[in-house]
Amino acid sequence: MLVLQTLLPAFISSRQRTTICMKGGTHVPFSPSYHYIGDVFLSCMREMGVDVRIAIDAYGFYPKGGGEVRAEILPVGKMRPIRKIERGRIRKVKGCSAVGNLPLSIAERQSKAALEKIRSEIHDLPFFDETEIQSVISPGQGTFIHLQSEAEHSIAGFTALGERGKRAEAVGEEAASEFIRYYATGAAFDPHLPDQIALYQSLCSEESLYTTSCITGHLITNLWVIGHFHEFWYSVEGEIGKPGRVKIRGSGLMSA
C-alpha cells in the first residue's frame, strides 16, 4: 500500500489510464491497510478529482507477504480542495474481520470484542452494521479487523492487526478504541488521513480546510518535506497528539 501511495503522484499527471499490479503486504504494521486505502483514502481522493480503483486478489500478512493488488489510475483534470470542518451525524459504522489460514472463530471473536467495546462506551451511536466475517486467500497466516465510520461529511477508518501471542479480543478492542477516540472529538478526519492527502492539497490553488481528531508528527513532517519541492502555504492549529484544524493553500500546479 505504501508502494501505491509512492507511485500515485507520478501517475495522476499522465494523460492516459494506467494499470499497475503490486505484490507484498496488504495488512501489515506501519502501513495503511488495503481496506483503509480503498474505502477511506481513495474516497477522499475522488472528492479531490483523483480517480483510482483498486482490487485485491490475495492478502499479504507479515512476515510472508505475497498479497496481490491491482490499481487502475485515471487521468486527472483539475485538482479540487477539501473543506471538512464538521463531521456531521454518523450514519453507520461497519466492519470487516478476517483471517488468513487460521480458524474463522478468531475473526468472530475480534468482531464481537470490537462491537462490545463500542457499545459499552457509546450509547447514542445510531447504527452499527453487522461486521463481515471472512476467511481470505493468503500465502501466509494473519488476521485483521477494519472498522469504518460513515458520517454525513466524511469517512474514517480504523484497522488493527493480529500477531502471535495477541488475543483476538485485544485486536478487536484496539480498533474499537481508535474509533471511540475519534468519535469523542467530533472531528471530520481520523488521525491517519491528513498526512496522506497533504501533497495533493498542496497542488490546488484554492484553500483546503478540515478538522482532524489528532495532529500527528507524520502530518507535520509531510508538510515540511513538501515545502522543499514547491511553495505552498499552510497552518496547523493544535498540538501534536490532540485534535486540531488544518489549512492548506496550494501552488495551483494541478488546478488547470
# chains A, B, ... in the order shown; residues from 1 in each chain; ligands from 1
>>> residues_around(residues="stretch 2-12 of chain A", least_positions_apart="5", cutoff="8 Å", atoms="only C-alpha atoms", output="PyMOL selection string")
chain A and resi 18+22+31-32+50+73-76
>>> write_last_selection(atoms="N, CA and C atoms", output="CSV table (one decimal), in the first residue's frame")
chain,number,residue,atom,x,y,z
A,18,THR,N,-3.7,4.3,-16.5
A,18,THR,CA,-2.5,3.4,-16.1
A,18,THR,C,-3.0,2.3,-15.2
A,22,MET,N,0.7,-5.0,-8.0
A,22,MET,CA,1.7,-5.0,-6.9
A,22,MET,C,1.6,-6.2,-6.1
A,31,SER,N,1.8,0.6,8.1
A,31,SER,CA,1.3,0.9,6.7
A,31,SER,C,-0.2,0.9,6.7
A,32,PRO,N,-0.8,1.8,5.9
A,32,PRO,CA,-2.3,1.7,5.8
A,32,PRO,C,-2.7,0.4,5.2
A,50,VAL,N,-9.2,12.9,-8.1
A,50,VAL,CA,-8.3,11.8,-8.4
A,50,VAL,C,-9.1,10.5,-8.4
A,73,ILE,N,-5.5,3.7,-12.5
A,73,ILE,CA,-5.4,5.2,-12.2
A,73,ILE,C,-5.8,5.9,-13.5
A,74,LEU,N,-6.8,6.8,-13.3
A,74,LEU,CA,-7.3,7.5,-14.4
A,74,LEU,C,-6.7,8.9,-14.5
A,75,PRO,N,-6.6,9.5,-15.7
A,75,PRO,CA,-6.0,10.9,-15.8
A,75,PRO,C,-6.8,11.9,-14.9
A,76,VAL,N,-6.1,12.8,-14.4
A,76,VAL,CA,-6.7,13.8,-13.5
A,76,VAL,C,-6.8,15.1,-14.3
>>> closest_atom_pairs(of="stretch 21-101 of chain A", to="stretch 190-213 of chain A", cutoff="12 Å", atoms="only C-alpha atoms", output="CSV")
residue,atom,partner,partner_atom,distance
A:Phe30,CA,A:His192,CA,11.2
A:Ser31,CA,A:His192,CA,10.2
A:Pro32,CA,A:His192,CA,8.3
A:Ser33,CA,A:His192,CA,11.3
A:Tyr36,CA,A:Leu193,CA,9.4
A:Ile37,CA,A:Leu193,CA,9.6
A:Asp39,CA,A:Leu193,CA,11.5
A:Val40,CA,A:Leu193,CA,7.9
A:Phe41,CA,A:Leu193,CA,6.6
A:Leu42,CA,A:Ile197,CA,9.7
A:Ser43,CA,A:Leu193,CA,10.9
A:Cys44,CA,A:Ile197,CA,8.2
A:Met45,CA,A:Ile197,CA,7.6
A:Arg46,CA,A:Ile197,CA,11.3
A:Glu47,CA,A:Ile197,CA,11.3
A:Met48,CA,A:Tyr200,CA,8.1
A:Gly49,CA,A:Tyr200,CA,9.9
A:Val50,CA,A:Tyr200,CA,9.2
A:Val76,CA,A:Tyr200,CA,11.5
A:Gly77,CA,A:Cys204,CA,11.5
A:Lys78,CA,A:Cys204,CA,8.3
A:Met79,CA,A:Cys204,CA,5.7
A:Arg80,CA,A:Cys204,CA,6.2
A:Pro81,CA,A:Ser208,CA,4.9
A:Ile82,CA,A:Ser208,CA,4.8
A:Arg83,CA,A:Leu209,CA,4.7
A:Lys84,CA,A:Tyr210,CA,4.4
A:Ile85,CA,A:Tyr210,CA,4.7
A:Glu86,CA,A:Thr211,CA,7.4
A:Arg87,CA,A:Thr211,CA,8.5
A:Gly88,CA,A:Thr211,CA,11.9
>>> residues_around(residues="A:Ile90", least_positions_apart="6", cutoff="12 Å", atoms="only C-alpha atoms", output="NGL selection string")
:A and (124-128 or 148-156 or 179 or 182-184 or 186-188)
>>> select_by_dssp(residues="stretch 50-236 of chain A", states="helix (DSSP H, G or I)", output="ChimeraX atom specification")
/A:104-121,168-185,193-201,217-226
>>> atom_distance(atom1="atom CA of A:Asp57", atom2="atom CA of A:Ser97")
17.2 Å
>>> residues_around(residues="stretch 130-135 of chain A", least_positions_apart="4", cutoff="8 Å", atoms="only C-alpha atoms", output="list in words")
Lys94, Gly95, Cys96, Ser97, Ala98, Val99, Gly100, Asn101, Leu102, Leu104, Ala107, Glu108 and Ser111 of chain A
>>> select_by_dssp(residues="stretch 58-227 of chain A", states="strand (DSSP E or B)", output="VMD selection string")
chain A and resid 58 61 65 67 to 73 83 to 84 90 to 100 128 132 to 135 142 to 151 155 to 161 189 207 to 212 215
>>> atom_distance(atom1="atom CA of A:Lys242", atom2="atom CA of A:Leu115")
25.3 Å
>>> decode(residues="stretch 72-182 of chain A", atoms="C-alpha atoms", output="PDB file, in the first residue's frame")
ATOM      1  CA  GLU A  72      -6.308   1.482 -12.196  1.00  0.00           C
ATOM      2  CA  ILE A  73      -5.372   5.167 -12.224  1.00  0.00           C
ATOM      3  CA  LEU A  74      -7.348   7.528 -14.437  1.00  0.00           C
ATOM      4  CA  PRO A  75      -6.011  10.852 -15.754  1.00  0.00           C
ATOM      5  CA  VAL A  76      -6.670  13.828 -13.506  1.00  0.00           C
ATOM      6  CA  GLY A  77      -8.175  17.079 -14.704  1.00  0.00           C
ATOM      7  CA  LYS A  78      -8.434  19.805 -12.105  1.00  0.00           C
ATOM      8  CA  MET A  79      -7.410  19.045  -8.535  1.00  0.00           C
ATOM      9  CA  ARG A  80     -10.079  20.237  -6.106  1.00  0.00           C
ATOM     10  CA  PRO A  81      -9.622  21.363  -2.488  1.00  0.00           C
ATOM     11  CA  ILE A  82     -11.260  19.696   0.525  1.00  0.00           C
ATOM     12  CA  ARG A  83     -13.361  21.520   3.121  1.00  0.00           C
ATOM     13  CA  LYS A  84     -14.420  19.286   6.008  1.00  0.00           C
ATOM     14  CA  ILE A  85     -14.915  21.318   9.167  1.00  0.00           C
ATOM     15  CA  GLU A  86     -17.937  19.461  10.502  1.00  0.00           C
ATOM     16  CA  ARG A  87     -18.175  15.670  10.574  1.00  0.00           C
ATOM     17  CA  GLY A  88     -21.932  15.704  10.803  1.00  0.00           C
ATOM     18  CA  ARG A  89     -24.057  12.873  12.143  1.00  0.00           C
ATOM     19  CA  ILE A  90     -22.534   9.409  11.926  1.00  0.00           C
ATOM     20  CA  ARG A  91     -24.912   7.406   9.779  1.00  0.00           C
ATOM     21  CA  LYS A  92     -23.404   3.999  10.382  1.00  0.00           C
ATOM     22  CA  VAL A  93     -20.348   2.062  11.450  1.00  0.00           C
ATOM     23  CA  LYS A  94     -19.462  -1.142   9.666  1.00  0.00           C
ATOM     24  CA  GLY A  95     -16.621  -3.592   9.858  1.00  0.00           C
ATOM     25  CA  CYS A  96     -14.678  -6.406   8.256  1.00  0.00           C
ATOM     26  CA  SER A  97     -12.993  -9.016  10.448  1.00  0.00           C
ATOM     27  CA  ALA A  98     -10.887 -11.602   8.631  1.00  0.00           C
ATOM     28  CA  VAL A  99      -8.388 -14.424   8.964  1.00  0.00           C
ATOM     29  CA  GLY A 100      -5.954 -15.967   6.520  1.00  0.00           C
ATOM     30  CA  ASN A 101      -5.251 -19.698   7.006  1.00  0.00           C
ATOM     31  CA  LEU A 102      -6.489 -19.567  10.606  1.00  0.00           C
ATOM     32  CA  PRO A 103      -9.769 -20.628  12.292  1.00  0.00           C
ATOM     33  CA  LEU A 104     -12.726 -18.421  11.401  1.00  0.00           C
ATOM     34  CA  SER A 105     -13.606 -18.277  15.086  1.00  0.00           C
ATOM     35  CA  ILE A 106     -10.708 -15.816  15.555  1.00  0.00           C
ATOM     36  CA  ALA A 107     -12.385 -13.334  13.199  1.00  0.00           C
ATOM     37  CA  GLU A 108     -15.662 -13.842  15.045  1.00  0.00           C
ATOM     38  CA  ARG A 109     -14.010 -13.103  18.397  1.00  0.00           C
ATOM     39  CA  GLN A 110     -12.358  -9.972  17.012  1.00  0.00           C
ATOM     40  CA  SER A 111     -15.692  -8.719  15.747  1.00  0.00           C
ATOM     41  CA  LYS A 112     -17.553  -9.481  18.969  1.00  0.00           C
ATOM     42  CA  ALA A 113     -14.926  -7.754  21.107  1.00  0.00           C
ATOM     43  CA  ALA A 114     -14.976  -4.623  18.929  1.00  0.00           C
ATOM     44  CA  LEU A 115     -18.756  -4.400  18.991  1.00  0.00           C
ATOM     45  CA  GLU A 116     -18.970  -4.907  22.756  1.00  0.00           C
ATOM     46  CA  LYS A 117     -16.269  -2.279  23.377  1.00  0.00           C
ATOM     47  CA  ILE A 118     -18.038   0.333  21.251  1.00  0.00           C
ATOM     48  CA  ARG A 119     -21.488  -0.347  22.690  1.00  0.00           C
ATOM     49  CA  SER A 120     -20.157  -0.194  26.247  1.00  0.00           C
ATOM     50  CA  GLU A 121     -18.755   3.320  25.751  1.00  0.00           C
ATOM     51  CA  ILE A 122     -21.010   4.933  23.136  1.00  0.00           C
ATOM     52  CA  HIS A 123     -24.681   4.670  23.977  1.00  0.00           C
ATOM     53  CA  ASP A 124     -26.083   7.047  21.372  1.00  0.00           C
ATOM     54  CA  LEU A 125     -24.443   5.512  18.289  1.00  0.00           C
ATOM     55  CA  PRO A 126     -27.301   5.371  15.776  1.00  0.00           C
ATOM     56  CA  PHE A 127     -26.384   2.337  13.717  1.00  0.00           C
ATOM     57  CA  PHE A 128     -23.809  -0.437  13.672  1.00  0.00           C
ATOM     58  CA  ASP A 129     -23.833  -2.794  10.718  1.00  0.00           C
ATOM     59  CA  GLU A 130     -23.045  -6.414  11.280  1.00  0.00           C
ATOM     60  CA  THR A 131     -19.330  -6.945  10.807  1.00  0.00           C
ATOM     61  CA  GLU A 132     -18.450  -9.023   7.759  1.00  0.00           C
ATOM     62  CA  ILE A 133     -16.598 -12.178   8.802  1.00  0.00           C
ATOM     63  CA  GLN A 134     -14.173 -13.523   6.181  1.00  0.00           C
ATOM     64  CA  SER A 135     -11.626 -16.224   5.542  1.00  0.00           C
ATOM     65  CA  VAL A 136      -9.328 -14.694   2.904  1.00  0.00           C
ATOM     66  CA  ILE A 137      -6.858 -16.073   0.377  1.00  0.00           C
ATOM     67  CA  SER A 138      -3.264 -15.560   1.517  1.00  0.00           C
ATOM     68  CA  PRO A 139       0.132 -17.307   1.189  1.00  0.00           C
ATOM     69  CA  GLY A 140       0.678 -16.825   4.920  1.00  0.00           C
ATOM     70  CA  GLN A 141      -1.248 -16.569   8.154  1.00  0.00           C
ATOM     71  CA  GLY A 142      -2.727 -13.439   9.645  1.00  0.00           C
ATOM     72  CA  THR A 143      -5.780 -11.628  10.963  1.00  0.00           C
ATOM     73  CA  PHE A 144      -7.172  -8.108  10.897  1.00  0.00           C
ATOM     74  CA  ILE A 145     -10.254  -6.106  11.683  1.00  0.00           C
ATOM     75  CA  HIS A 146     -11.199  -2.879   9.926  1.00  0.00           C
ATOM     76  CA  LEU A 147     -13.904  -0.558  11.241  1.00  0.00           C
ATOM     77  CA  GLN A 148     -15.329   2.187   9.076  1.00  0.00           C
ATOM     78  CA  SER A 149     -17.319   5.196  10.224  1.00  0.00           C
ATOM     79  CA  GLU A 150     -19.552   6.866   7.636  1.00  0.00           C
ATOM     80  CA  ALA A 151     -20.784  10.318   8.643  1.00  0.00           C
ATOM     81  CA  GLU A 152     -22.669  13.000   6.746  1.00  0.00           C
ATOM     82  CA  HIS A 153     -19.495  14.736   5.588  1.00  0.00           C
ATOM     83  CA  SER A 154     -16.625  12.282   5.991  1.00  0.00           C
ATOM     84  CA  ILE A 155     -15.453   8.674   6.190  1.00  0.00           C
ATOM     85  CA  ALA A 156     -12.936   7.410   8.738  1.00  0.00           C
ATOM     86  CA  GLY A 157     -11.216   4.050   9.146  1.00  0.00           C
ATOM     87  CA  PHE A 158      -9.516   2.080  11.915  1.00  0.00           C
ATOM     88  CA  THR A 159      -7.527  -1.123  11.370  1.00  0.00           C
ATOM     89  CA  ALA A 160      -5.987  -3.455  13.923  1.00  0.00           C
ATOM     90  CA  LEU A 161      -3.791  -6.472  13.130  1.00  0.00           C
ATOM     91  CA  GLY A 162      -3.352  -9.814  14.804  1.00  0.00           C
ATOM     92  CA  GLU A 163       0.014 -11.287  15.689  1.00  0.00           C
ATOM     93  CA  ARG A 164       1.395 -14.275  17.549  1.00  0.00           C
ATOM     94  CA  GLY A 165       0.564 -14.053  21.229  1.00  0.00           C
ATOM     95  CA  LYS A 166      -2.037 -11.305  20.734  1.00  0.00           C
ATOM     96  CA  ARG A 167      -5.543 -12.389  21.683  1.00  0.00           C
ATOM     97  CA  ALA A 168      -8.336 -11.906  19.165  1.00  0.00           C
ATOM     98  CA  GLU A 169     -10.220  -9.836  21.728  1.00  0.00           C
ATOM     99  CA  ALA A 170      -7.277  -7.428  22.006  1.00  0.00           C
ATOM    100  CA  VAL A 171      -7.295  -6.942  18.227  1.00  0.00           C
ATOM    101  CA  GLY A 172     -10.986  -6.077  18.183  1.00  0.00           C
ATOM    102  CA  GLU A 173     -10.731  -3.769  21.176  1.00  0.00           C
ATOM    103  CA  GLU A 174      -7.737  -1.945  19.644  1.00  0.00           C
ATOM    104  CA  ALA A 175      -9.692  -0.960  16.534  1.00  0.00           C
ATOM    105  CA  ALA A 176     -12.730  -0.075  18.631  1.00  0.00           C
ATOM    106  CA  SER A 177     -10.660   2.150  20.943  1.00  0.00           C
ATOM    107  CA  GLU A 178      -9.297   4.087  17.966  1.00  0.00           C
ATOM    108  CA  PHE A 179     -12.829   4.672  16.729  1.00  0.00           C
ATOM    109  CA  ILE A 180     -14.027   5.738  20.187  1.00  0.00           C
ATOM    110  CA  ARG A 181     -11.226   8.321  20.496  1.00  0.00           C
ATOM    111  CA  TYR A 182     -12.110   9.680  17.061  1.00  0.00           C
TER     112      TYR A 182
END
